[in-house]
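Text of the file query_12.pdb, holding PDB, C-alpha atoms and all ligand atoms:
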```pdb
ATOM      1  CA  MET X   1      21.047 -11.520   4.517
ATOM      2  CA  ARG X   2      18.902 -10.941   1.453
ATOM      3  CA  GLY X   3      15.560 -11.967  -0.032
ATOM      4  CA  GLY X   4      12.847 -14.013   1.588
ATOM      5  CA  PRO X   5       9.092 -13.983   1.780
ATOM      6  CA  SER X   6       7.345 -10.933   3.129
ATOM      7  CA  SER X   7       4.307 -10.788   5.309
ATOM      8  CA  ILE X   8       2.279  -7.713   6.236
ATOM      9  CA  ARG X   9       0.238  -8.395   9.321
ATOM     10  CA  VAL X  10       0.277  -5.325  11.520
ATOM     11  CA  SER X  11      -1.611  -2.253  10.476
ATOM     12  CA  SER X  12       0.247   1.020  10.347
ATOM     13  CA  GLU X  13       0.826   1.788  13.981
ATOM     14  CA  GLN X  14       2.846   4.168  16.067
ATOM     15  CA  PHE X  15       5.468   2.088  17.821
ATOM     16  CA  SER X  16       7.518   4.994  19.061
ATOM     17  CA  GLY X  17       5.753   5.559  22.355
ATOM     18  CA  ILE X  18       5.471   1.959  23.485
ATOM     19  CA  ARG X  19       7.798  -0.569  25.032
ATOM     20  CA  LEU X  20       8.823  -3.511  22.844
ATOM     21  CA  GLU X  21       9.721  -6.853  24.397
ATOM     22  CA  LEU X  22      10.721 -10.130  22.826
ATOM     23  CA  VAL X  23       9.630 -13.482  24.219
ATOM     24  CA  LEU X  24      11.747 -16.365  22.917
ATOM     25  CA  ARG X  25      10.238 -19.813  23.371
ATOM     26  CA  ARG X  26      12.516 -22.795  23.891
ATOM     27  CA  GLN X  27      11.684 -24.427  20.574
ATOM     28  CA  ALA X  28      12.736 -21.273  18.745
ATOM     29  CA  LYS X  29      15.829 -20.809  20.877
ATOM     30  CA  ASP X  30      16.970 -24.402  20.344
ATOM     31  CA  ALA X  31      16.452 -24.161  16.572
ATOM     32  CA  ILE X  32      18.464 -20.933  16.411
ATOM     33  CA  VAL X  33      21.288 -22.302  18.575
ATOM     34  CA  ASN X  34      21.580 -25.519  16.564
ATOM     35  CA  GLU X  35      21.558 -23.793  13.190
ATOM     36  CA  THR X  36      24.005 -21.096  14.339
ATOM     37  CA  LEU X  37      26.475 -23.710  15.605
ATOM     38  CA  ARG X  38      26.134 -25.832  12.481
ATOM     39  CA  PHE X  39      27.632 -23.014  10.393
ATOM     40  CA  ALA X  40      29.590 -20.958  12.922
ATOM     41  CA  ARG X  41      32.017 -23.821  13.393
ATOM     42  CA  ARG X  42      32.993 -23.312   9.756
ATOM     43  CA  GLY X  43      32.942 -19.529  10.160
ATOM     44  CA  LEU X  44      29.836 -19.145   8.007
ATOM     45  CA  GLU X  45      26.732 -17.049   8.382
ATOM     46  CA  THR X  46      23.270 -18.607   8.357
ATOM     47  CA  ASN X  47      19.675 -17.479   8.790
ATOM     48  CA  GLY X  48      16.091 -18.495   9.395
ATOM     49  CA  MET X  49      12.618 -17.130   9.869
ATOM     50  CA  LEU X  50      11.023 -16.060  13.160
ATOM     51  CA  LEU X  51       7.466 -17.338  13.546
ATOM     52  CA  GLY X  52       5.066 -16.380  16.273
ATOM     53  CA  ASN X  53       2.627 -13.722  17.352
ATOM     54  CA  MET X  54       2.478 -10.177  18.608
ATOM     55  CA  ARG X  55       0.172  -8.977  21.320
ATOM     56  CA  PHE X  56      -0.259  -5.511  22.692
ATOM     57  CA  ASN X  57      -0.897  -4.946  26.370
ATOM     58  CA  SER X  58      -2.565  -1.558  26.279
ATOM     59  CA  GLY X  59      -2.666  -1.257  30.067
ATOM     60  CA  LYS X  60       1.107  -1.537  30.316
ATOM     61  CA  GLY X  61       1.854  -0.029  26.927
ATOM     62  CA  ILE X  62       3.988  -3.024  25.964
ATOM     63  CA  LEU X  63       4.037  -4.852  22.662
ATOM     64  CA  PHE X  64       5.115  -8.453  23.241
ATOM     65  CA  CYS X  65       6.655 -10.163  20.232
ATOM     66  CA  GLU X  66       6.511 -13.880  20.968
ATOM     67  CA  VAL X  67       8.774 -16.058  18.849
ATOM     68  CA  ILE X  68       7.322 -19.545  19.101
ATOM     69  CA  THR X  69       9.476 -21.295  16.552
ATOM     70  CA  ALA X  70      12.272 -20.517  14.134
ATOM     71  CA  THR X  71      13.316 -22.144  10.902
ATOM     72  CA  ASP X  72      16.719 -23.243   9.682
ATOM     73  CA  SER X  73      18.191 -21.865   6.476
ATOM     74  CA  GLY X  74      16.893 -24.550   4.120
ATOM     75  CA  PRO X  75      18.783 -26.636   1.554
ATOM     76  CA  PHE X  76      19.473 -23.921  -1.022
ATOM     77  CA  ALA X  77      20.693 -21.005   1.099
ATOM     78  CA  GLU X  78      24.237 -19.918   0.268
ATOM     79  CA  HIS X  79      26.525 -19.429   3.244
ATOM     80  CA  GLN X  80      29.557 -17.173   3.348
ATOM     81  CA  PRO X  81      31.521 -15.663   6.243
ATOM     82  CA  GLY X  82      29.947 -12.230   5.857
ATOM     83  CA  ARG X  83      26.570 -12.904   4.282
ATOM     84  CA  THR X  84      23.988 -15.542   3.586
ATOM     85  CA  SER X  85      21.160 -15.761   1.110
ATOM     86  CA  VAL X  86      17.610 -16.784   1.932
ATOM     87  CA  ASP X  87      16.214 -20.028   0.508
ATOM     88  CA  THR X  88      13.013 -18.260  -0.489
ATOM     89  CA  ARG X  89      11.124 -21.309  -1.690
ATOM     90  CA  TYR X  90      11.889 -23.249   1.499
ATOM     91  CA  GLN X  91      11.009 -20.336   3.783
ATOM     92  CA  THR X  92       7.777 -19.674   1.896
ATOM     93  CA  GLN X  93       6.739 -23.303   2.397
ATOM     94  CA  ARG X  94       7.593 -23.103   6.077
ATOM     95  CA  LEU X  95       5.647 -19.844   6.398
ATOM     96  CA  GLU X  96       2.573 -21.409   4.821
ATOM     97  CA  GLU X  97       2.758 -24.324   7.277
ATOM     98  CA  ALA X  98       3.105 -21.890  10.163
ATOM     99  CA  GLN X  99       0.173 -19.777   9.003
ATOM    100  CA  GLY X 100      -1.905 -22.971   9.195
ATOM    101  CA  ARG X 101      -1.080 -22.928  12.914
ATOM    102  CA  ASN X 102      -1.988 -19.234  13.210
ATOM    103  CA  LEU X 103       1.635 -18.139  13.399
ATOM    104  CA  SER X 104       2.956 -15.150  11.497
ATOM    105  CA  MET X 105       6.367 -14.169  10.272
ATOM    106  CA  LEU X 106       7.852 -11.661  12.716
ATOM    107  CA  GLY X 107      11.137 -11.265  10.871
ATOM    108  CA  PHE X 108      14.379 -13.164  10.437
ATOM    109  CA  TRP X 109      17.262 -14.211  12.618
ATOM    110  CA  HIS X 110      20.778 -14.595  11.274
ATOM    111  CA  SER X 111      24.241 -15.222  12.568
ATOM    112  CA  HIS X 112      27.329 -13.062  12.546
ATOM    113  CA  PRO X 113      29.972 -15.663  13.222
ATOM    114  CA  ARG X 114      32.795 -14.226  15.313
ATOM    115  CA  TYR X 115      31.862 -10.599  15.187
ATOM    116  CA  ILE X 116      29.778  -8.126  17.012
ATOM    117  CA  THR X 117      26.025  -8.541  17.325
ATOM    118  CA  GLU X 118      25.008  -5.352  15.539
ATOM    119  CA  PRO X 119      23.012  -5.235  12.317
ATOM    120  CA  SER X 120      25.306  -4.407   9.399
ATOM    121  CA  SER X 121      24.617  -1.695   6.841
ATOM    122  CA  GLY X 122      23.587  -4.491   4.444
ATOM    123  CA  ASP X 123      21.153  -5.775   7.073
ATOM    124  CA  HIS X 124      19.606  -2.308   7.331
ATOM    125  CA  ILE X 125      19.145  -2.164   3.566
ATOM    126  CA  SER X 126      17.472  -5.578   3.293
ATOM    127  CA  ILE X 127      15.267  -5.013   6.353
ATOM    128  CA  ARG X 128      14.148  -1.646   5.021
ATOM    129  CA  ALA X 129      13.400  -3.249   1.641
ATOM    130  CA  ALA X 130      11.217  -5.885   3.322
ATOM    131  CA  ALA X 131       8.832  -2.987   4.138
ATOM    132  CA  MET X 132       7.167  -4.742   7.073
ATOM    133  CA  PRO X 133       5.304  -2.559   9.582
ATOM    134  CA  LEU X 134       7.505  -4.013  12.317
ATOM    135  CA  TYR X 135      10.496  -6.228  11.539
ATOM    136  CA  ILE X 136      12.128  -8.284  14.270
ATOM    137  CA  SER X 137      15.775  -9.084  13.654
ATOM    138  CA  LEU X 138      17.682 -11.415  15.948
ATOM    139  CA  ILE X 139      21.428 -11.706  15.555
ATOM    140  CA  THR X 140      23.558 -14.479  16.993
ATOM    141  CA  THR X 141      27.306 -14.639  17.302
ATOM    142  CA  LEU X 142      29.715 -17.272  18.514
ATOM    143  CA  GLN X 143      32.592 -15.527  20.211
ATOM    144  CA  SER X 144      35.975 -17.174  20.315
ATOM    145  CA  GLY X 145      36.365 -19.681  23.116
ATOM    146  CA  GLU X 146      32.614 -19.926  23.646
ATOM    147  CA  SER X 147      30.471 -22.959  22.834
ATOM    148  CA  VAL X 148      27.069 -21.273  23.122
ATOM    149  CA  PRO X 149      25.976 -18.403  20.857
ATOM    150  CA  ARG X 150      25.055 -14.974  22.128
ATOM    151  CA  LEU X 151      21.933 -13.189  20.999
ATOM    152  CA  ARG X 152      20.691  -9.661  20.537
ATOM    153  CA  GLY X 153      17.318  -8.512  19.304
ATOM    154  CA  PHE X 154      16.256  -5.462  17.311
ATOM    155  CA  ALA X 155      13.005  -4.056  15.998
ATOM    156  CA  PHE X 156      12.797  -1.902  12.881
ATOM    157  CA  TYR X 157       9.915   0.268  11.718
ATOM    158  CA  PHE X 158       9.103   3.480   9.937
ATOM    159  CA  ARG X 159       8.005   6.297  12.192
ATOM    160  CA  GLN X 160       5.048   8.356  11.004
ATOM    161  CA  ASP X 161       7.383  11.108   9.820
ATOM    162  CA  GLY X 162       9.056   8.533   7.555
ATOM    163  CA  GLU X 163      12.185   8.057   9.651
ATOM    164  CA  PHE X 164      13.466   4.445   9.677
ATOM    165  CA  ILE X 165      13.896   3.456  13.325
ATOM    166  CA  ARG X 166      15.954   0.708  14.918
ATOM    167  CA  ARG X 167      15.392  -0.226  18.555
ATOM    168  CA  GLN X 168      17.018  -2.829  20.768
ATOM    169  CA  LEU X 169      14.729  -5.409  22.336
ATOM    170  CA  ASP X 170      14.622  -6.660  25.886
ATOM    171  CA  ILE X 171      14.448 -10.454  25.743
ATOM    172  CA  TYR X 172      12.557 -12.960  27.856
ATOM    173  CA  MET X 173      14.048 -16.386  27.150
ATOM    174  CA  GLU X 174      12.205 -19.532  28.176
ATOM    175  CA  LYS X 175      14.183 -21.926  30.348
ATOM    176  CA  ALA X 176      13.930 -25.719  30.587
ATOM    177  CA  ASN X 177      11.643 -25.403  33.608
ATOM    178  CA  GLY X 178       9.214 -23.224  31.638
ATOM    179  CA  ARG X 179      10.119 -20.021  33.472
ATOM    180  CA  PHE X 180      11.637 -17.023  31.748
ATOM    181  CA  ASP X 181      14.898 -15.198  32.213
ATOM    182  CA  PHE X 182      14.928 -11.504  31.474
ATOM    183  CA  PHE X 183      17.831  -9.977  29.581
ATOM    184  CA  ASP X 184      18.510  -6.311  29.193
ATOM    185  CA  ALA X 185      18.488  -5.187  25.563
ATOM    186  CA  ALA X 186      21.943  -3.659  25.706
ATOM    187  CA  LYS X 187      23.612  -6.948  26.615
ATOM    188  CA  ALA X 188      24.352  -9.897  24.349
ATOM    189  CA  THR X 189      22.438 -12.772  25.896
ATOM    190  CA  VAL X 190      24.139 -16.147  26.258
ATOM    191  CA  MET X 191      21.693 -18.674  24.798
ATOM    192  CA  LYS X 192      21.920 -21.443  27.358
ATOM    193  CA  ASP X 193      19.500 -22.734  29.934
ATOM    194  CA  VAL X 194      20.434 -21.369  33.334
TER     195      VAL X 194
HETATM  196 ZN    ZN W 201      23.973  -9.303   9.391
END
```
Once you've parsed the file, please lay out its structure as structure tokens.
Ligand SMILES: [Zn+2]
Amino acid sequence: MRGGPSSIRVSSEQFSGIRLELVLRRQAKDAIVNETLRFARRGLETNGMLLGNMRFNSGKGILFCEVITATDSGPFAEHQPGRTSVDTRYQTQRLEEAQGRNLSMLGFWHSHPRYITEPSSGDHISIRAAAMPLYISLITTLQSGESVPRLRGFAFYFRQDGEFIRRQLDIYMEKANGRFDFFDAAKATVMKDV
């Protein structure tokens, strides 16, 4: 995944000592599932933007990254089995609309059709180049024989000593009844309402 608008919203902060958790709202989850399936059936990668908010609970030492909605890839993204480009103009327009609703860009999601839900070396390069204080990356995959994608979440940031850090995210996914299921970061979460 390459390109895309950038957005610097969080001041330089030390993320190393705090817990990071991802909250995925249903609207975002549904958008990601639909867009993943649209291209995974043809074995192609796709992507979109993650829009929402971050809030820090200082008492618990947890930074909640709440993804309220997610975009599709837009009409001019190029889709291949192993990579996809960002439709920068489309995503920039969608970001401006979202900012009007006080949402920020938290990062991007993209699919890895039929292979493991780990960021690739190319993903690391493009995420690093985005130079966001904290970059949320969600990766979906559709494993063979399955009709619902799986999801994993990662956060990337530069530590104060300059080291580029990748951490897995625990995920709270909103169900149809408005409650949340908790998923351990190490497991690929099946994206269906349970
Ligand atoms: Zn990737």
Near-Pro149 of chain X list (9 Å; all atoms listed in the file; drop same-chain fewer than 5 positions) as a ChimeraX atom specification: /X:33,36-37,140-143,189-192
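Of the listed residues X:Ala176, X:Ile116, X:Leu51, X:Ala77, the one whose atoms come nearest to ligand ZN 201 (chain W) is X:Ile116, with distances taken using all atoms listed in the file.
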Contacts between ligand ZN 201 (chain W) and chain X, please, where a residue of chain X counts if it comes within 10 Å (with all atoms listed in the file); show its shortest atom pair and distance in Å to one decimal, rows by chain and ascending number, as a Markdown table.
```
| residue | atom | partner | partner_atom | distance |
| --- | --- | --- | --- | --- |
| X:Met1 | CA | W:ZN201 | ZN | 6.1 |
| X:Arg2 | CA | W:ZN201 | ZN | 9.6 |
| X:Glu45 | CA | W:ZN201 | ZN | 8.3 |
| X:Thr46 | CA | W:ZN201 | ZN | 9.4 |
| X:Asn47 | CA | W:ZN201 | ZN | 9.3 |
| X:Gly82 | CA | W:ZN201 | ZN | 7.5 |
| X:Arg83 | CA | W:ZN201 | ZN | 6.8 |
| X:Thr84 | CA | W:ZN201 | ZN | 8.5 |
| X:Trp109 | CA | W:ZN201 | ZN | 8.9 |
| X:His110 | CA | W:ZN201 | ZN | 6.5 |
| X:Ser111 | CA | W:ZN201 | ZN | 6.7 |
| X:His112 | CA | W:ZN201 | ZN | 5.9 |
| X:Pro113 | CA | W:ZN201 | ZN | 9.5 |
| X:Tyr115 | CA | W:ZN201 | ZN | 9.9 |
| X:Ile116 | CA | W:ZN201 | ZN | 9.7 |
| X:Thr117 | CA | W:ZN201 | ZN | 8.2 |
| X:Glu118 | CA | W:ZN201 | ZN | 7.4 |
| X:Pro119 | CA | W:ZN201 | ZN | 5.1 |
| X:Ser120 | CA | W:ZN201 | ZN | 5.1 |
| X:Ser121 | CA | W:ZN201 | ZN | 8.0 |
| X:Gly122 | CA | W:ZN201 | ZN | 6.9 |
| X:Asp123 | CA | W:ZN201 | ZN | 5.1 |
| X:His124 | CA | W:ZN201 | ZN | 8.5 |
| X:Ser126 | CA | W:ZN201 | ZN | 9.7 |
| X:Ser137 | CA | W:ZN201 | ZN | 9.2 |
| X:Leu138 | CA | W:ZN201 | ZN | 9.3 |
| X:Ile139 | CA | W:ZN201 | ZN | 7.1 |
| X:Thr140 | CA | W:ZN201 | ZN | 9.2 |
```
Between atom CA of Pro81 of chain X and atom CA of Phe39 of chain X - distance in Å to one decimal: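 Pair atom CA of Phe39 of chain X / atom CA of Pro81 of chain X returns 9.3 Å.
Among X:Leu151, X:Ala188, X:Ala70, X:Leu169, the residue with the shortest atom-to-atom distance to Arg94 of chain X, counting only C-alpha atoms, is X:Ala70.
Put simply, the PyMOL selection byres (((chain X and resi 30) around 12) and not hetatm) on this file hits Leu24, Arg25, Arg26, Gln27, Ala28, Lys29, Ala31, Ile32, Val33, Asn34, Glu35, Thr36, Leu37, Val67, Ile68, Thr69, Ala70, Thr71, Asp72, Val148, Pro149, Met173, Glu174, Lys175, Ala176, Met191, Lys192 and Asp193 of chain X.
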Which residues would end up in the selection if the PyMOL selection byres (((chain X and resi 103-106) around 12) and not hetatm) were applied here, given that I need the answer as an MDAnalysis selection string? chainID X and resid 4:10 22:24 48:55 64:71 91:92 94:102 107:109 127 130 132:138 153:156
Pick out the residues sitting within 7 Å of Ala185 of chain X, and hand them over as a list of chain:residue names; count all atoms listed in the file, and ignore anything fewer than 2 positions along from it in its own chain.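 My list of contacting residues is X:Gln168, X:Leu169, X:Asp170, X:Ile171, X:Phe183, X:Lys187.
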May I have the residues within 9 Å of Phe76 of chain X as an mmCIF file with C-alpha atoms, in the frame of the given file, using all atoms listed in the file and disregarding those fewer than 5 positions away in the same chain?
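What ended up in out.cif:
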```cif
data_model
loop_
_atom_site.group_PDB
_atom_site.id
_atom_site.type_symbol
_atom_site.label_atom_id
_atom_site.label_comp_id
_atom_site.auth_asym_id
_atom_site.auth_seq_id
_atom_site.Cartn_x
_atom_site.Cartn_y
_atom_site.Cartn_z
ATOM 1 C CA SER X 85 21.160 -15.761 1.110
ATOM 2 C CA VAL X 86 17.610 -16.784 1.932
ATOM 3 C CA ASP X 87 16.214 -20.028 0.508
ATOM 4 C CA THR X 88 13.013 -18.260 -0.489
ATOM 5 C CA ARG X 89 11.124 -21.309 -1.690
ATOM 6 C CA TYR X 90 11.889 -23.249 1.499
#
```
In Å and to one decimal, atom CA of Ala186 of chain X is distant from atom CA of Asp161 of chain X by 26.1 Å
Block slice segment 23-43 of chain X, N, CA and C atoms, emitted as a CSV table (one decimal), in the first residue's frame:
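In the end it all went to result-v2.csv:
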```csv
chain,number,residue,atom,x,y,z
X,23,VAL,N,-10.7,0.2,19.3
X,23,VAL,CA,-12.2,0.1,19.4
X,23,VAL,C,-12.7,0.2,17.9
X,24,LEU,N,-13.3,-0.9,17.4
X,24,LEU,CA,-13.8,-0.9,16.0
X,24,LEU,C,-15.3,-0.8,16.0
X,25,ARG,N,-15.9,0.3,15.6
X,25,ARG,CA,-17.3,0.5,15.5
X,25,ARG,C,-17.9,-0.3,14.4
X,26,ARG,N,-19.2,-0.6,14.5
X,26,ARG,CA,-19.8,-1.4,13.5
X,26,ARG,C,-19.7,-0.8,12.1
X,27,GLN,N,-19.9,0.4,12.0
X,27,GLN,CA,-19.9,1.1,10.6
X,27,GLN,C,-18.6,0.9,10.0
X,28,ALA,N,-17.5,1.0,10.8
X,28,ALA,CA,-16.2,0.8,10.2
X,28,ALA,C,-16.0,-0.6,9.9
X,29,LYS,N,-16.4,-1.5,10.8
X,29,LYS,CA,-16.2,-2.9,10.5
X,29,LYS,C,-16.9,-3.4,9.2
X,30,ASP,N,-18.2,-2.9,9.1
X,30,ASP,CA,-18.9,-3.3,7.9
X,30,ASP,C,-18.3,-2.8,6.6
X,31,ALA,N,-17.8,-1.6,6.7
X,31,ALA,CA,-17.2,-1.0,5.5
X,31,ALA,C,-15.9,-1.8,5.1
X,32,ILE,N,-15.2,-2.2,6.1
X,32,ILE,CA,-13.9,-3.0,5.8
X,32,ILE,C,-14.2,-4.3,5.3
X,33,VAL,N,-15.2,-5.0,5.9
X,33,VAL,CA,-15.6,-6.3,5.5
X,33,VAL,C,-16.1,-6.3,4.0
X,34,ASN,N,-17.0,-5.4,3.7
X,34,ASN,CA,-17.5,-5.3,2.4
X,34,ASN,C,-16.5,-5.0,1.3
X,35,GLU,N,-15.6,-4.1,1.6
X,35,GLU,CA,-14.6,-3.7,0.6
X,35,GLU,C,-13.5,-4.9,0.5
X,36,THR,N,-13.2,-5.5,1.6
X,36,THR,CA,-12.3,-6.7,1.5
X,36,THR,C,-12.8,-7.7,0.6
X,37,LEU,N,-14.1,-8.1,0.9
X,37,LEU,CA,-14.7,-9.2,0.1
X,37,LEU,C,-14.8,-8.8,-1.4
X,38,ARG,N,-15.1,-7.6,-1.7
X,38,ARG,CA,-15.3,-7.1,-3.0
X,38,ARG,C,-14.1,-7.5,-3.9
X,39,PHE,N,-12.9,-7.4,-3.3
X,39,PHE,CA,-11.7,-7.6,-4.0
X,39,PHE,C,-11.0,-9.0,-3.7
X,40,ALA,N,-11.2,-9.5,-2.5
X,40,ALA,CA,-10.6,-10.8,-2.2
X,40,ALA,C,-11.1,-11.9,-3.0
X,41,ARG,N,-12.4,-11.8,-3.4
X,41,ARG,CA,-12.9,-12.8,-4.3
X,41,ARG,C,-12.2,-12.9,-5.6
X,42,ARG,N,-11.6,-11.8,-6.0
X,42,ARG,CA,-10.8,-11.9,-7.2
X,42,ARG,C,-9.3,-12.0,-6.9
X,43,GLY,N,-9.0,-12.2,-5.6
X,43,GLY,CA,-7.6,-12.4,-5.2
X,43,GLY,C,-6.8,-11.1,-5.2
```
